[in-house]
>>> print(open('my_file04.tsv').read())   # TSV, C-alpha atoms and all ligand atoms
chain	number	residue	atom	x	y	z
A	7	MET	CA	77.74	126.14	109.24
A	8	MET	CA	80.30	123.37	109.33
A	9	ASP	CA	83.46	123.97	111.38
A	10	ILE	CA	86.27	122.45	109.35
A	11	GLN	CA	88.78	123.12	112.17
A	12	VAL	CA	87.43	120.15	114.12
A	13	HIS	CA	89.50	117.07	113.35
A	14	LYS	CA	87.22	114.23	112.47
A	15	VAL	CA	87.27	111.32	110.08
A	16	GLY	CA	84.18	110.00	108.29
A	17	ILE	CA	83.96	106.20	108.20
A	18	ILE	CA	81.97	104.86	105.28
A	19	SER	CA	81.15	101.17	105.26
A	20	CYS	CA	79.70	99.39	102.26
A	21	SER	CA	76.18	98.19	102.75
A	22	GLY	CA	76.69	94.65	101.47
A	23	GLU	CA	74.16	92.34	103.11
A	24	GLU	CA	74.67	89.28	100.97
A	25	ILE	CA	78.19	88.22	101.87
A	26	PRO	CA	79.84	87.77	105.29
A	27	GLU	CA	82.44	90.37	104.33
A	28	GLY	CA	79.70	93.03	104.33
A	29	THR	CA	78.88	92.16	107.93
A	30	LEU	CA	82.59	92.32	108.74
A	31	CYS	CA	82.67	95.86	107.29
A	32	ARG	CA	79.87	97.05	109.49
A	33	LEU	CA	81.05	95.36	112.70
A	34	GLY	CA	84.66	96.47	112.18
A	35	CYS	CA	83.55	100.04	111.53
A	36	ARG	CA	81.24	100.00	114.57
A	37	LYS	CA	84.15	98.96	116.77
A	38	VAL	CA	86.32	101.78	115.43
A	39	LEU	CA	83.56	104.34	116.01
A	40	ASP	CA	83.27	103.13	119.62
A	41	GLU	CA	87.04	103.27	120.10
A	42	HIS	CA	87.44	106.77	118.61
A	43	PRO	CA	84.54	108.79	120.02
A	44	GLY	CA	84.75	112.42	118.98
A	45	GLU	CA	87.26	111.64	116.22
A	46	THR	CA	85.10	109.54	113.94
A	47	VAL	CA	81.59	109.73	112.56
A	48	THR	CA	79.73	107.21	110.49
A	49	ILE	CA	78.44	108.24	107.10
A	50	CYS	CA	75.50	106.24	105.79
A	51	LEU	CA	76.41	105.03	102.30
A	52	PRO	CA	72.82	104.59	101.05
A	53	LEU	CA	71.99	108.12	102.19
A	54	LEU	CA	75.15	109.51	100.58
A	55	ILE	CA	74.15	107.84	97.32
A	56	ALA	CA	70.52	108.94	97.65
A	57	GLY	CA	71.55	112.60	97.80
A	58	GLY	CA	71.85	113.27	101.54
A	59	GLU	CA	73.25	116.82	101.63
A	60	GLU	CA	74.66	116.51	105.15
A	61	GLU	CA	76.50	113.29	104.26
A	62	ARG	CA	77.88	114.67	101.01
A	63	THR	CA	78.97	117.96	102.58
A	64	PHE	CA	80.71	116.18	105.43
A	65	ALA	CA	82.48	113.78	103.07
A	66	ALA	CA	83.55	116.68	100.86
A	67	ASN	CA	85.01	118.69	103.76
A	68	TYR	CA	86.51	116.07	106.04
A	69	PRO	CA	88.81	113.12	105.39
A	70	THR	CA	87.04	109.82	104.83
A	71	ILE	CA	87.97	106.15	105.14
A	72	THR	CA	85.95	103.68	103.12
A	73	VAL	CA	85.62	99.99	103.91
A	74	ASP	CA	84.26	97.61	101.29
A	75	GLY	CA	83.27	93.96	101.42
A	76	CYS	CA	84.46	93.03	97.93
A	77	ASP	CA	86.45	94.30	94.99
A	78	LYS	CA	83.47	96.17	93.57
A	79	MET	CA	84.45	98.83	96.13
A	80	CYS	CA	81.02	100.46	96.21
A	81	ALA	CA	81.75	102.75	99.17
A	82	ALA	CA	85.07	103.96	97.75
A	83	ARG	CA	83.67	104.56	94.28
A	84	ALA	CA	80.51	106.33	95.45
A	85	THR	CA	82.43	108.52	97.88
A	86	GLU	CA	84.94	109.55	95.24
A	87	MET	CA	82.23	110.22	92.67
A	88	LEU	CA	79.89	112.17	94.96
A	89	SER	CA	82.10	113.90	97.52
A	90	GLY	CA	85.81	113.45	96.89
A	91	LYS	CA	88.60	110.92	97.02
A	92	PRO	CA	88.73	108.94	100.29
A	93	SER	CA	91.91	109.38	102.35
A	94	LYS	CA	92.13	105.59	102.73
A	95	ARG	CA	90.21	102.76	101.11
A	96	PHE	CA	90.02	99.25	102.48
A	97	SER	CA	88.65	96.04	101.09
A	98	ILE	CA	87.86	93.21	103.50
A	99	PRO	CA	89.44	90.50	101.29
A	100	GLU	CA	92.72	92.45	101.32
A	101	ILE	CA	92.66	92.83	105.10
A	102	LEU	CA	91.89	89.13	105.62
A	103	ASN	CA	94.57	88.14	103.17
A	104	LYS	CA	97.15	90.37	104.83
A	105	ARG	CA	96.30	88.89	108.24
A	106	GLY	CA	96.13	85.28	107.04
A	107	LEU	CA	92.47	85.00	108.03
A	108	LYS	CA	89.55	83.36	106.27
A	109	ALA	CA	86.22	85.05	105.70
A	110	PRO	CA	83.51	83.95	108.14
A	111	ASP	CA	81.00	81.40	106.86
A	112	LYS	CA	78.02	83.09	108.49
A	113	LEU	CA	76.20	86.01	106.98
A	114	ARG	CA	75.35	87.55	110.35
A	115	HIS	CA	74.96	86.76	114.08
A	116	PHE	CA	78.72	86.70	114.48
A	117	GLY	CA	80.06	85.19	117.70
A	118	PRO	CA	83.46	84.40	119.26
A	119	GLU	CA	84.58	82.45	116.19
A	120	GLU	CA	84.40	85.59	114.10
A	121	ASP	CA	86.07	87.84	116.69
A	122	ALA	CA	89.55	87.60	115.16
A	123	ALA	CA	88.31	88.78	111.77
A	124	VAL	CA	86.28	91.65	113.26
A	125	GLN	CA	89.25	92.66	115.40
A	126	ALA	CA	91.62	92.58	112.41
A	127	VAL	CA	89.33	94.84	110.41
A	128	ALA	CA	88.92	97.23	113.34
A	129	GLU	CA	92.69	97.39	113.91
A	130	GLU	CA	93.44	98.22	110.28
A	131	ILE	CA	90.82	100.97	110.19
A	132	SER	CA	91.84	102.29	113.59
A	133	GLN	CA	95.45	102.61	112.50
A	134	ALA	CA	94.27	104.46	109.40
A	135	VAL	CA	92.20	106.85	111.55
A	136	ASN	CA	95.31	107.69	113.58
A	137	GLU	CA	97.37	108.23	110.44
A	138	VAL	CA	94.74	110.47	108.84
A	139	LEU	CA	94.38	112.55	112.01
A	140	GLU	CA	98.15	112.95	112.26
A	141	GLU	CA	98.27	114.21	108.69
A	142	GLU	CA	95.55	116.81	109.35
B	201	LIG	S1	81.42	96.45	97.93
B	201	LIG	FE1	80.70	94.38	97.43
B	201	LIG	S2	79.73	93.68	99.35
B	201	LIG	FE2	79.90	95.89	99.50
B	201	LIG	S3	77.92	96.71	98.73
B	201	LIG	FE3	79.37	96.64	97.00
B	201	LIG	S4	78.97	94.68	95.99
B	201	LIG	FE4	78.08	94.55	98.06
>>> encode(input="my_file04.tsv", output="structure tokens")
Amino acid sequence: MMDIQVHKVGIISCSGEEIPEGTLCRLGCRKVLDEHPGETVTICLPLLIAGGEEERTFAANYPTITVDGCDKMCAARATEMLSGKPSKRFSIPEILNKRGLKAPDKLRHFGPEEDAAVQAVAEEISQAVNEVLEEE
């Protein structure tokens, strides 16, 4: 039985593998999960879409934050359709634009040159986690 008194936020990253922004989603989300242990859990988007009951139940009962690599907004759309409207939805191009940063050229194996973009994504999500928890 799920205890809905526990304050947690589900972080749902898009699974884009074909553009650098998809990698930014995953690395930014990973950083937030490490920085907010006990307050955040990751929800696997492919499993949510494939019918994972645990993922769908969690996303239906707890606030979620979706992070997408492009304006197709796969994570936000799937979450809303299958479990409920996300509390916050991010797109990487919007975050980069807001911060005056360019998308990395590399698809993966990010290094120090990509740190600023990963950090910017993590900061935006992290701030959203704090806001969502305060609203709870
Ligand atoms: S939001 Fe864009 S990058 Fe992410 S999975 Fe969908 S199409 Fe791919």
>>> closest_residue(input="my_file04.tsv", among="A:Leu30, A:Val15, A:Ala134, A:Cys20", to="Lys108 of chain A", atoms="all atoms listed in the file")
A:Leu30
>>> residues_near_point(input="my_file04.tsv", point="(82.9, 97.5, 109.8)", cutoff="10 Å", atoms="all atoms listed in the file", output="NGL selection string")
:A and (17-21 or 27-39 or 72-75 or 98 or 124-125 or 127-128 or 131)
>>> residues_around(input="my_file04.tsv", residues="Pro110 of chain A", least_positions_apart="6", cutoff="9 Å", atoms="only C-alpha atoms", output="PyMOL selection string")
chain A and resi 26-27+30+116+119-120+123
>>> write_last_selection(input="my_file04.tsv", atoms="C-alpha atoms", output="short mmCIF file (atom, residue, chain, number, x, y, z; two decimals), keeping the file's coordinate frame")
data_model
loop_
_atom_site.label_atom_id
_atom_site.label_comp_id
_atom_site.auth_asym_id
_atom_site.auth_seq_id
_atom_site.Cartn_x
_atom_site.Cartn_y
_atom_site.Cartn_z
CA PRO A 26 79.84 87.77 105.29
CA GLU A 27 82.44 90.37 104.33
CA LEU A 30 82.59 92.32 108.74
CA PHE A 116 78.72 86.70 114.48
CA GLU A 119 84.58 82.45 116.19
CA GLU A 120 84.40 85.59 114.10
CA ALA A 123 88.31 88.78 111.77
#
>>> closest_residue(input="my_file04.tsv", among="A:Cys80, A:Asn136, A:Asp40, A:Ser89", to="Phe64 of chain A", atoms="all atoms listed in the file")
A:Ser89
>>> closest_residue(input="my_file04.tsv", among="A:Pro43, A:Gly22, A:Phe96, A:Lys14", to="Ala65 of chain A", atoms="all atoms listed in the file")
A:Lys14
>>> residues_around(input="my_file04.tsv", residues="Glu142 of chain A", least_positions_apart="3", cutoff="8 Å", atoms="all atoms listed in the file", output="ChimeraX atom specification")
/A:13,138-139
>>> write_last_selection(input="my_file04.tsv", atoms="C-alpha atoms", output="PDB file, in the frame of the given file")
ATOM      1  CA  HIS A  13      89.500 117.070 113.350  1.00  0.00           C
ATOM      2  CA  VAL A 138      94.740 110.470 108.840  1.00  0.00           C
ATOM      3  CA  LEU A 139      94.380 112.550 112.010  1.00  0.00           C
TER       4      LEU A 139
END
>>> closest_residue(input="my_file04.tsv", among="A:Gly44, A:Pro92, A:Arg83, A:Lys78", to="Ala66 of chain A", atoms="all atoms listed in the file")
A:Pro92
